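Engineer: Okay, so here is run_26.txt, and as you'll see once you scroll down, it has compact mmCIF, C-alpha atoms.
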# COMPACT_ATOMS: atom_id res chain seq x y z
CA MET Q 138 4.26 -5.27 11.34
CA ASP Q 139 7.50 -6.92 10.47
CA PRO Q 140 7.68 -10.68 9.77
CA SER Q 141 10.28 -11.03 12.50
CA GLU Q 142 7.75 -9.69 14.99
CA VAL Q 143 5.31 -12.36 13.87
CA GLU Q 144 8.06 -14.89 14.32
CA PHE Q 145 8.62 -13.62 17.84
CA LEU Q 146 4.97 -14.26 18.66
CA ALA Q 147 5.24 -17.72 17.19
CA GLU Q 148 8.07 -18.59 19.51
CA LYS Q 149 5.62 -18.83 22.40
CA GLU Q 150 3.87 -21.75 20.73
CA VAL Q 151 4.31 -24.99 22.63
CA VAL Q 152 6.15 -27.80 20.87
CA LYS Q 153 6.82 -31.32 22.04
CA ILE Q 154 10.36 -32.31 22.75
CA ILE Q 155 11.87 -35.60 23.80
CA PRO Q 156 14.66 -34.61 26.13
CA ASN Q 157 17.72 -36.73 26.67
CA PHE Q 158 18.57 -35.04 29.93
CA SER Q 159 16.77 -34.85 33.24
CA LEU Q 160 15.78 -31.67 34.95
CA ASP Q 161 13.33 -30.78 37.68
CA LYS Q 162 10.29 -28.64 37.07
CA VAL Q 163 11.20 -25.11 36.01
CA TYR Q 164 8.95 -22.37 37.38
CA LEU Q 165 8.52 -19.47 34.97
CA ILE Q 166 6.12 -16.53 34.73
CA GLY Q 167 4.48 -18.01 31.66
CA GLY Q 168 3.89 -21.35 33.38
CA ASP Q 169 5.74 -24.37 34.67
CA LEU Q 170 7.94 -26.47 32.43
CA GLY Q 171 8.88 -30.04 32.86
CA PRO Q 172 9.90 -32.10 34.65
CA PHE Q 173 12.24 -33.34 31.96
CA ASN Q 174 13.05 -37.04 31.85
CA PRO Q 175 15.05 -38.69 29.11
CA GLY Q 176 12.79 -40.36 26.58
CA LEU Q 177 9.51 -38.91 27.78
CA PRO Q 178 7.87 -36.34 25.50
CA VAL Q 179 7.15 -33.05 27.21
CA GLY Q 180 5.61 -29.78 26.03
CA CYS Q 181 7.76 -26.71 26.02
CA PRO Q 182 7.65 -23.36 24.21
CA ARG Q 183 9.64 -23.22 21.02
CA VAL Q 184 11.89 -20.51 22.34
CA ALA Q 185 12.98 -22.72 25.22
CA GLY Q 186 13.00 -25.82 23.08
CA SER Q 187 15.78 -24.65 20.86
CA GLU Q 188 18.04 -23.56 23.67
CA PRO Q 189 19.36 -26.90 24.93
CA LYS Q 190 20.44 -27.93 21.48
CA THR Q 191 22.40 -24.82 20.76
CA GLU Q 192 23.79 -24.10 24.19
CA THR Q 193 24.59 -27.38 25.83
CA GLU Q 194 24.79 -29.31 22.58
CA VAL Q 195 22.62 -32.17 23.69
CA SER Q 196 22.56 -34.28 20.59
CA GLY Q 197 19.47 -36.14 19.55
CA LEU Q 198 17.00 -33.64 20.97
CA PHE Q 199 13.75 -34.23 19.18
CA LEU Q 200 11.50 -31.32 18.37
CA LEU Q 201 8.07 -32.14 17.14
CA HIS Q 202 4.75 -30.57 16.59
CA GLY Q 203 1.97 -33.15 16.24
CA TRP Q 204 0.95 -32.23 12.71
CA MET Q 205 4.47 -32.30 11.46
CA LEU Q 206 4.82 -36.05 11.80
CA VAL Q 207 4.58 -36.88 8.13
CA SER Q 208 6.51 -40.06 8.51
CA THR Q 209 4.87 -42.55 10.78
CA VAL Q 210 1.83 -42.02 12.97
CA HIS Q 211 0.17 -39.13 11.14
CA ALA Q 212 1.20 -40.41 7.77
CA ASP Q 213 0.23 -38.17 4.85
CA LYS Q 214 -1.66 -35.77 7.10
CA LEU Q 215 0.01 -32.77 5.59
CA GLU Q 216 -0.59 -34.11 2.11
CA GLU Q 217 -4.28 -34.45 2.92
CA MET Q 218 -4.29 -30.88 4.15
CA ARG Q 219 -2.66 -29.67 0.98
CA ASP Q 220 -5.16 -31.48 -1.22
CA LEU Q 221 -8.08 -30.19 0.83
CA GLU Q 222 -6.70 -26.68 0.62
CA ARG Q 223 -6.50 -26.97 -3.15
CA LYS Q 224 -10.01 -28.35 -3.45
CA GLU Q 225 -11.89 -25.94 -1.18
CA ASP Q 226 -12.72 -22.40 -2.20
CA ALA Q 227 -12.65 -21.13 1.36
CA PHE Q 228 -9.67 -21.27 3.67
CA THR Q 229 -9.39 -24.58 5.49
CA PRO Q 230 -8.31 -24.71 9.13
CA VAL Q 231 -4.54 -24.94 9.49
CA PRO Q 232 -2.80 -27.13 12.07
CA SER Q 233 -1.38 -24.20 13.96
CA PRO Q 234 -1.92 -20.44 13.79
CA TYR Q 235 1.81 -20.15 13.30
CA TYR Q 236 2.37 -23.07 10.95
CA MET Q 237 4.69 -21.21 8.57
CA GLU Q 238 6.87 -19.74 11.27
CA LEU Q 239 7.09 -22.99 13.23
CA THR Q 240 8.05 -24.94 10.15
CA LYS Q 241 10.87 -22.59 9.43
CA LEU Q 242 12.06 -22.40 13.03
CA LEU Q 243 11.93 -26.11 13.70
CA LEU Q 244 13.36 -27.22 10.40
CA ASN Q 245 16.21 -24.75 10.61
CA TYR Q 246 17.18 -25.70 14.16
CA ALA Q 247 16.58 -29.39 14.08
CA SER Q 248 16.26 -30.62 10.52
CA ASP Q 249 18.47 -33.60 11.32
CA ASN Q 250 16.09 -34.69 14.10
CA ILE Q 251 12.92 -34.51 12.07
CA PRO Q 252 12.29 -37.31 9.63
CA LYS Q 253 11.47 -36.29 6.06
CA ALA Q 254 12.32 -32.66 6.72
CA ASP Q 255 12.52 -31.84 3.03
CA GLU Q 256 9.13 -33.32 2.34
CA ILE Q 257 7.58 -31.29 5.16
CA ARG Q 258 9.19 -28.15 3.86
CA THR Q 259 7.79 -28.68 0.37
CA LEU Q 260 4.32 -29.55 1.61
CA VAL Q 261 4.09 -26.55 3.90
CA LYS Q 262 5.32 -24.29 1.13
CA ASP Q 263 2.65 -25.76 -1.17
CA ILE Q 264 -0.03 -25.06 1.40
CA TRP Q 265 1.27 -21.53 1.85
CA ASP Q 266 1.28 -20.82 -1.87
CA THR Q 267 -2.25 -22.12 -2.33
CA ARG Q 268 -3.49 -20.03 0.55
CA VAL Q 269 -1.81 -16.86 -0.58
CA ALA Q 270 -3.23 -17.28 -4.08
CA LYS Q 271 -6.66 -17.71 -2.51
CA LEU Q 272 -6.10 -14.67 -0.35
CA ARG Q 273 -5.31 -12.58 -3.40
CA LEU Q 274 -8.36 -13.89 -5.22
CA SER Q 275 -10.63 -12.99 -2.34
CA ALA Q 276 -9.00 -9.58 -1.96
CA ASP Q 277 -9.77 -8.91 -5.60
CA SER Q 278 -13.41 -9.92 -5.29
CA PHE Q 279 -13.61 -7.95 -2.05
CA ILE Q 280 -12.55 -4.84 -3.94
CA SER Q 281 -14.53 -5.45 -7.11
CA GLN Q 282 -17.77 -6.00 -5.22
CA MET Q 283 -17.01 -2.96 -3.09
CA GLU Q 284 -17.64 -4.80 0.15
CA ALA Q 285 -17.20 -2.99 3.42
CA HIS Q 286 -16.15 -5.81 5.72
CA ALA Q 287 -14.86 -9.36 5.53
CA LYS Q 288 -14.35 -12.23 7.92
CA LEU Q 289 -10.85 -13.60 8.08
CA ASP Q 290 -11.65 -17.10 9.22
CA ASN Q 291 -8.73 -19.52 9.39
CA LEU Q 292 -6.21 -16.97 8.15
CA THR Q 293 -2.95 -16.83 10.00
CA LEU Q 294 -1.12 -13.74 11.15
CA MET Q 295 1.75 -14.19 8.72
CA GLU Q 296 -0.59 -14.44 5.74
CA ILE Q 297 -2.49 -11.35 6.74
CA ASN Q 298 0.77 -9.59 7.36
CA THR Q 299 2.07 -9.98 3.79
CA ILE Q 300 -0.92 -8.28 2.23
CA ARG Q 301 -1.91 -5.91 5.03
CA SER Q 302 -0.30 -2.64 3.97
CA PHE Q 303 -1.28 -3.05 0.33
CA LEU Q 304 -4.88 -3.95 1.04
CA LEU Q 305 -5.39 -1.24 3.63
CA ASP Q 306 -3.96 1.44 1.35
CA SER Q 307 -6.15 0.37 -1.54
CA LEU Q 308 -9.23 0.27 0.66
CA ASN Q 309 -8.44 3.80 1.77
CA CYS Q 310 -8.17 4.95 -1.82
CA MET Q 311 -11.34 3.18 -2.78
CA TYR Q 312 -13.19 4.71 0.14
CA LYS Q 313 -12.16 8.18 -0.95
CA LEU Q 314 -13.06 7.57 -4.57
CA ARG Q 315 -16.41 6.24 -3.42
CA SER Q 316 -17.11 9.19 -1.17
CA ASN Q 317 -16.68 11.37 -4.28
CA LEU Q 318 -19.89 9.84 -5.51
CA GLN Q 319 -21.90 10.88 -2.46
CA PRO Q 320 -23.65 14.12 -3.35
CA GLY Q 321 -22.64 17.01 -1.14
CA SER Q 322 -20.02 15.09 0.84
CA SER Q 323 -17.30 17.68 0.86
CA LYS Q 324 -18.48 19.39 -2.25
CA GLY Q 325 -18.79 23.09 -2.62
CA GLN Q 326 -16.48 26.00 -2.55
CA PHE Q 327 -12.76 25.77 -2.19
CA THR Q 328 -11.52 26.30 1.31
CA GLY Q 329 -9.67 29.48 2.10
CA LEU Q 330 -6.77 27.34 3.25
CA LEU Q 331 -6.01 26.05 -0.20
CA ILE Q 332 -5.49 29.34 -1.96
CA HIS Q 333 -3.48 30.65 0.97
CA LYS Q 334 -1.27 27.63 0.75
CA ASN Q 335 -0.56 28.08 -2.91
CA LEU Q 336 -0.05 31.81 -2.81
CA GLY Q 337 2.22 31.40 0.18
CA ARG Q 338 4.21 28.88 -1.77
CA LEU Q 339 4.82 31.36 -4.57
CA GLY Q 340 5.86 34.08 -2.16
CA PHE Q 341 2.71 36.16 -2.47
CA GLY Q 342 1.04 37.75 0.50
CA LEU Q 343 -2.34 36.56 1.66
CA PRO Q 344 -5.15 37.92 -0.50
CA HIS Q 345 -7.54 40.33 1.20
CA GLY Q 346 -10.18 40.42 -1.48
CA PRO Q 347 -10.78 39.32 -5.01
CA PHE Q 348 -7.20 39.19 -6.07
CA VAL Q 349 -7.48 40.29 -9.69
CA THR Q 350 -7.60 43.77 -8.31
CA GLN Q 351 -5.04 43.10 -5.64
CA LYS Q 352 -2.07 45.37 -6.03
CA THR Q 353 0.55 43.15 -4.50
CA PHE Q 354 -0.39 40.36 -6.86
CA LEU Q 355 -0.04 42.56 -9.90
CA GLY Q 356 3.41 43.53 -8.83
CA ASP Q 357 2.86 47.27 -9.08
CA MET X 648 12.99 -3.46 5.81
CA ASP X 649 13.21 0.02 4.39
CA THR X 650 13.84 2.74 6.88
CA GLN X 651 13.50 6.33 5.83
CA SER X 652 14.67 9.41 7.56
CA TYR X 653 11.27 11.02 7.12
CA LEU X 654 7.73 9.82 6.78
CA PRO X 655 6.22 10.83 3.43
CA VAL X 656 2.71 12.26 3.61
CA GLN X 657 0.24 10.33 1.50
CA PRO X 658 -1.77 12.11 -1.18
CA GLY X 659 -5.30 13.06 -0.19
CA VAL X 660 -6.85 11.30 -3.23
CA GLY X 661 -10.43 12.52 -2.81
CA MET X 662 -11.80 16.04 -2.94
CA GLU X 663 -9.45 17.20 -0.23
CA GLU X 664 -5.74 17.70 -0.72
CA ASN X 665 -3.13 17.01 1.90
CA PHE X 666 -1.26 20.16 2.76
CA LEU X 667 2.13 18.50 3.13
CA SER X 668 1.91 15.84 0.45
CA LEU X 669 4.44 16.31 -2.33
CA ASP X 670 2.19 14.47 -4.76
CA ASP X 671 -0.68 16.83 -4.04
CA ILE X 672 1.54 19.86 -4.51
CA LEU X 673 2.54 18.58 -7.93
CA LEU X 674 -1.08 17.72 -8.65
CA SER X 675 -2.21 21.27 -7.91
CA HIS X 676 0.08 22.47 -10.72
CA GLU X 677 -1.67 20.43 -13.39
CA ARG X 678 -3.01 22.71 -16.10
CA LEU X 679 -6.70 22.91 -16.84
CA PRO X 680 -8.30 24.38 -19.97
CA ILE X 681 -10.48 27.31 -18.92
CA ARG X 682 -12.50 30.08 -20.51
CA THR X 683 -12.60 33.50 -18.89
CA GLU X 684 -16.07 34.86 -18.16
CA CYS X 685 -15.02 38.41 -17.34
CA VAL X 686 -12.18 40.79 -18.10
CA PHE X 687 -8.97 40.26 -16.15
CA PRO X 688 -7.48 43.75 -16.04
CA ARG X 689 -3.73 44.15 -16.46
CA LEU X 690 -3.05 40.42 -16.47
CA GLY X 691 -2.25 40.28 -20.18
CA PHE X 692 1.30 39.13 -19.42
CA LEU X 693 -0.08 35.77 -18.38
CA GLU X 694 -1.50 35.19 -21.83
CA LYS X 695 1.43 35.09 -24.22
CA SER X 696 -0.56 34.89 -27.45
CA SER X 697 -1.87 38.47 -27.36
CA ASP X 698 -0.14 41.79 -26.71
CA SER X 699 -3.04 43.52 -24.97
CA GLN X 700 -2.72 44.62 -21.37
CA ASP X 701 -5.91 42.94 -20.23
CA ILE X 702 -7.22 39.44 -20.72
CA PRO X 703 -10.55 39.93 -22.49
CA GLU X 704 -13.73 38.04 -21.68
CA GLY X 705 -14.10 34.71 -23.46
CA THR X 706 -10.39 33.95 -23.79
CA LYS X 707 -9.48 30.28 -23.81
CA MET X 708 -6.31 29.58 -21.89
CA GLU X 709 -4.77 27.15 -19.43
CA LEU X 710 -4.45 27.79 -15.72
CA PRO X 711 -3.02 25.57 -12.99
CA LEU X 712 -5.51 23.71 -10.87
CA TRP X 713 -4.90 25.68 -7.68
CA LEU X 714 -5.57 28.97 -9.42
CA SER X 715 -8.68 27.82 -11.26
CA LYS X 716 -10.00 26.26 -8.07
CA GLY X 717 -9.50 29.54 -6.25
CA LEU X 718 -11.05 31.69 -8.92
CA TYR X 719 -14.01 29.44 -9.56
CA GLU X 720 -17.23 30.55 -7.96
CA ARG X 721 -20.68 29.30 -8.66
CA LYS X 722 -22.52 32.57 -8.14
CA ARG X 723 -20.16 35.11 -9.64
CA ARG X 724 -18.84 33.60 -12.80
CA VAL X 725 -15.18 34.51 -13.19
CA LEU X 726 -14.19 31.57 -15.35
CA SER X 727 -15.59 28.31 -16.57
CA VAL X 728 -13.51 25.17 -16.51
CA GLU X 729 -13.57 22.70 -19.35
CA LEU X 730 -12.93 19.03 -18.81
CA PRO X 731 -9.51 17.74 -19.84
CA LYS X 732 -9.98 15.23 -22.60
CA VAL X 733 -9.26 12.10 -20.50
CA TYR X 734 -12.37 12.80 -18.44
CA ARG X 735 -14.64 13.43 -21.40
CA GLU X 736 -17.26 11.07 -22.75
CA GLY X 737 -15.01 9.51 -25.41
CA TRP X 738 -12.24 8.50 -23.01
CA ARG X 739 -14.73 7.45 -20.37
CA THR X 740 -16.03 4.84 -22.79
CA VAL X 741 -12.49 3.55 -23.23
CA PHE X 742 -11.97 3.33 -19.47
CA ASN X 743 -15.25 1.54 -19.00
CA ALA X 744 -14.45 -0.95 -21.73
CA ASP X 745 -11.09 -2.09 -20.39
CA PRO X 746 -9.22 -0.02 -17.82
CA ASN X 747 -6.20 -2.30 -18.02
CA VAL X 748 -5.04 -1.31 -21.48
CA VAL X 749 -4.80 2.40 -20.73
CA ASP X 750 -1.45 3.99 -20.00
CA LEU X 751 -2.47 6.04 -16.97
CA HIS X 752 0.97 7.49 -16.51
CA LYS X 753 0.75 9.15 -19.89
CA MET X 754 -2.86 10.17 -19.31
CA GLY X 755 -2.22 11.54 -15.83
CA PRO X 756 0.00 10.98 -14.09
CA TYR X 757 -2.53 12.12 -11.49
CA TYR X 758 -5.56 10.61 -13.12
CA TYR X 759 -7.46 9.79 -9.92
CA GLY X 760 -6.39 12.89 -8.02
CA LEU X 761 -7.16 15.34 -10.80
CA GLY X 762 -10.40 13.55 -11.59
CA SER X 763 -11.56 13.93 -8.00
CA GLN X 764 -10.54 17.57 -8.05
CA MET X 765 -12.59 18.12 -11.22
CA LEU X 766 -15.69 17.40 -9.16
CA HIS X 767 -15.26 20.80 -7.50
CA PHE X 768 -16.36 22.45 -10.70
CA ASP X 769 -20.05 22.10 -11.36
CA SER X 770 -20.55 20.05 -14.43
CA PRO X 771 -23.50 17.88 -15.45
CA GLU X 772 -21.07 15.03 -16.09
CA ASN X 773 -19.76 14.89 -12.51
CA PRO X 774 -21.58 11.70 -11.44
CA GLU X 775 -20.25 9.86 -14.50
CA ILE X 776 -16.72 11.07 -13.86
CA GLY X 777 -16.83 9.87 -10.26
CA GLN X 778 -18.24 6.54 -11.32
CA THR X 779 -15.60 6.06 -14.02
CA LEU X 780 -12.77 6.87 -11.59
CA LEU X 781 -14.02 4.27 -9.16
CA GLN X 782 -14.58 1.62 -11.81
CA THR X 783 -11.16 2.25 -13.33
CA PHE X 784 -9.51 1.79 -9.95
CA ILE X 785 -11.40 -1.42 -9.31
CA GLY X 786 -10.69 -2.75 -12.77
CA ARG X 787 -6.98 -2.14 -12.50
CA PHE X 788 -6.68 -3.33 -8.90
CA ARG X 789 -6.06 -6.99 -9.66
CA ARG X 790 -3.16 -6.25 -11.95
CA THR X 791 -1.52 -3.83 -9.56
CA MET X 792 -1.87 -6.33 -6.74
CA ASP X 793 -0.56 -9.32 -8.67
CA SER X 794 2.43 -7.51 -10.07
CA SER X 795 3.38 -5.95 -6.75
CA GLN X 796 3.03 -9.21 -4.82
CA ASN X 797 4.93 -11.34 -7.30
CA ALA X 798 7.78 -9.23 -8.62
CA TYR X 799 10.55 -10.18 -6.25
CA ASN X 800 14.13 -9.21 -6.92
CA GLU X 801 13.56 -8.04 -10.45
CA ASP X 802 13.36 -4.84 -12.42
CA THR X 803 9.94 -3.35 -11.77
CA SER X 804 10.23 -0.33 -14.04
CA ALA X 805 8.33 -2.09 -16.84
CA LEU X 806 5.54 -2.95 -14.39
CA VAL X 807 5.06 0.51 -12.97
CA GLU X 808 5.53 2.61 -16.09
CA ARG X 809 1.86 2.48 -16.99
CA LEU X 810 0.61 3.07 -13.46
CA ASP X 811 -0.90 6.22 -12.08
CA CYS X 812 0.93 7.94 -9.18
CA LEU X 813 -1.64 6.61 -6.74
CA GLU X 814 -1.18 3.08 -8.01
CA LYS X 815 2.56 3.47 -7.76
CA THR X 816 2.29 4.16 -4.03
CA LEU X 817 0.12 1.08 -3.71
CA PHE X 818 2.66 -0.92 -5.68
CA LYS X 819 5.37 0.19 -3.29
CA SER X 820 3.45 -0.86 -0.20
CA GLY X 821 2.74 -4.22 -1.82
CA GLN X 822 6.42 -4.62 -2.55
CA SER X 823 7.39 -3.80 1.02
CA GLY X 824 5.10 -6.58 2.25
CA LEU X 825 6.60 -9.06 -0.21
CA ASN X 826 10.19 -8.04 0.45
CA GLY X 827 9.68 -8.23 4.21
CA PHE X 828 8.34 -11.75 3.94
CA GLN X 829 11.01 -12.94 1.54
CA SER X 830 13.87 -11.59 3.62
CA TRP X 831 12.39 -13.24 6.69
CA GLU X 832 12.07 -16.53 4.85
CA LYS X 833 15.67 -16.39 3.72
CA GLY X 834 16.77 -15.63 7.24
CA GLN X 835 18.00 -12.15 6.50
CA ALA X 836 15.56 -10.56 8.89
CA SER X 837 17.40 -11.92 11.90
CA GLN X 838 20.71 -10.40 10.86
CA LEU X 839 21.61 -7.11 12.41
CA THR X 840 22.57 -4.39 9.96
CA ALA X 841 23.79 -0.86 10.42
CA SER X 842 21.19 1.86 10.09
CA SER X 843 21.18 3.60 6.73
CA LEU X 844 21.55 6.91 8.54
CA VAL X 845 24.86 5.78 10.02
CA LEU X 846 26.11 4.51 6.68
CA ASN X 847 25.24 7.73 4.90
CA TYR X 848 26.75 9.79 7.66
CA ARG X 849 30.11 8.12 7.22
CA LYS X 850 30.16 8.86 3.52
CA ARG X 851 30.00 12.56 4.19
CA LYS X 852 33.22 14.40 4.74
CA MET X 853 33.67 15.96 8.11
CA THR X 854 34.25 19.34 6.51
CA ASP X 855 30.73 19.24 5.06
CA VAL X 856 29.17 18.48 8.40
CA GLN X 857 31.05 20.99 10.48
CA PRO X 858 29.96 24.58 10.01
Can you dump the structure from the file as structure tokens?

Structural biologist:
Amino acid sequence: MDPSEVEFLAEKEVVKIIPNFSLDKVYLIGGDLGPFNPGLPVGCPRVAGSEPKTETEVSGLFLLHGWMLVSTVHADKLEEMRDLERKEDAFTPVPSPYYMELTKLLLNYASDNIPKADEIRTLVKDIWDTRVAKLRLSADSFISQMEAHAKLDNLTLMEINTIRSFLLDSLNCMYKLRSNLQPGSSKGQFTGLLIHKNLGRLGFGLPHGPFVTQKTFLGD
Amino acid sequence: MDTQSYLPVQPGVGMEENFLSLDDILLSHERLPIRTECVFPRLGFLEKSSDSQDIPEGTKMELPLWLSKGLYERKRRVLSVELPKVYREGWRTVFNADPNVVDLHKMGPYYYGLGSQMLHFDSPENPEIGQTLLQTFIGRFRRTMDSSQNAYNEDTSALVERLDCLEKTLFKSGQSGLNGFQSWEKGQASQLTASSLVLNYRKRKMTDVQP
């Protein structure tokens, strides 16, 4: 899965905007939006939230996601989260299943509308780094203890996505190396297929018997 | 995002080989030390050290894996296969002590693959070999993972030179995860680029393409 696909999924997440325009309720397949009144916060998917700013250039459009308010009401909430994340061994619950993607999307589109944008960016990146380090640590102990299954509580899609292909490939390899240990798993004689494959590769005909006495092989 | 014009077939790793995997084809050409248990008539040309027409019983020579695997039979003893020295007791102790210090590329480069294939030949040491392979993989896993997930935009040749072929494929998939994330974070993922097939096609001269 590509990170941009994860980002696409994140765009459905509802963010709060404070519109400075008025619009009646919009009826969409995914649900109704609005009505929009200037100054009143209203929920709206991210993908729709960014549109007014870029297209109609309504200045002062305010995009927020509750947890992102570092400045005033939820002061230091992100900092608390970061400290908790560093203290705990397990993964702590994150504010949104798409926190990384939303941070990037919102800060890139509306960094001038969000107070302390730089601080938020640093804090979220700190949380991400701590979590990825933890993820790697648990992947290592998962492999070294030869576990068969794991619960991925509180992990987000983007985090899983960065390590997915590597971890799955190594688990495959480990499974095969482990099945070597099982007595009589696929042990025993070579399959006929194998020798045919190799002889065919060298341009020999298929052997019809023990090939030391085979005439074609000897090149007579 | 790396797009390829074909999908490479992964090596089979365990006792089975993948028919279409390039790595497994190369693996099947690894040479094994063997000892003949019967006369091989008129095959003396394979054994360069003697001038006789036949290969006599009890000759020590090297044969590729695919041939020894085909000739080996438990009931009718045609040849006996000796363990290559990396799988013997002495090296196994080294691997068990610290798998990270070993240069598996020099030792292999198909250490895991060949080791699994060695289990086809009945040997009293088979359980230990299988155990050592698994423990070596587990012991080296952390280093492979850390280096593949952290080396962004730098020369990785120093990191992969001591890795086994199997670990190199793992390293690559780790790198693709990291590169995908980094290019998304920098905003490169949203840019549209021309397909590599189109770019390569333009480089070719029309005279080469047309019959």

Engineer: Find, counting all atoms listed in the file, the residue in X:Pro688, X:Pro746, X:Gly834, X:Gly762 that gets nearest to Asn245 of chain Q.

Structural biologist: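 Looking only at the distances to Asn245 of chain Q, the closest residue turns out to be X:Gly834.
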
Engineer: Show me, as JSON, numbers by chain, every residue of chain Q with an atom at most 6 Å from chain X, counting only C-alpha atoms.

Structural biologist: {"Q": [140, 277, 281, 299, 302, 303, 313, 314, 318, 332]}

Engineer: Write out as a list in words which residues come within 9 Å of segment 805-810 of chain X when counting only C-alpha atoms, dropping same-chain ones fewer than 6 positions away.

Structural biologist: Val749, Asp750, Leu751, His752, Lys753, Pro756, Thr791, Ser794, Ser795, Ala798 and Phe818 of chain X

Engineer: Go through X:Cys685, X:Leu844, X:Val728, X:Leu667 one by one, measure the shortest atom-to-atom distance of each to Leu712 of chain X using all atoms listed in the file, and give the residue with the smallest value.

Structural biologist: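 Once distances to Leu712 of chain X are computed over all atoms listed in the file, the minimum belongs to X:Val728.
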
Engineer: For a test of reading the model, state the distance in Å between atom CA of Leu272 of chain Q and atom CA of Glu150 of chain Q, rounded to one decimal.

Structural biologist: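 Those two atoms sit 24.4 Å apart.
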
Engineer: To box segment 741-746 of chain X, take all atoms listed in the file, fit an axis-aligned box, add 4 Å on each side, and give centre and edge lengths in Å to one decimal, as AutoDock Vina command-line options.

Structural biologist:
--center_x -12.2 --center_y 0.7 --center_z -20.5 --size_x 14.0 --size_y 13.6 --size_z 13.4

Engineer: Residues within 12 Å of Ser696 of chain X, please, as a list in words. Count all atoms listed in the file; anything in the same chain fewer than 6 positions from it doesn't count.

Structural biologist: Ile702, Thr706, Lys707, Met708 and Glu709 of chain X

Engineer: Which residue, X:Thr803, X:Gly737, X:Leu710, X:Thr783, has the smallest gap to Glu694 of chain X when you use all atoms listed in the file?

Structural biologist: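 Closest residue, counting all atoms listed in the file: X:Leu710.
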
Engineer: Please compute the atom CA of Lys262 of chain Q-atom CA of Glu238 of chain Q distance, one decimal, in Å.

Structural biologist: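 Taking atom CA of Lys262 of chain Q as the start and atom CA of Glu238 of chain Q as the end point, the length is 11.2 Å.
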
Engineer: Between atom CA of Phe173 of chain Q and atom CA of Leu244 of chain Q, what distance in Å does the model show, to one decimal?

Structural biologist: 22.4 Å

Engineer: Between X:Glu704, X:Val725, X:Ser668, X:Tyr734, which one has atoms that come closest to Leu761 of chain X, using all atoms listed in the file?

Structural biologist: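 Under the stated criterion, the closest residue is X:Tyr734.
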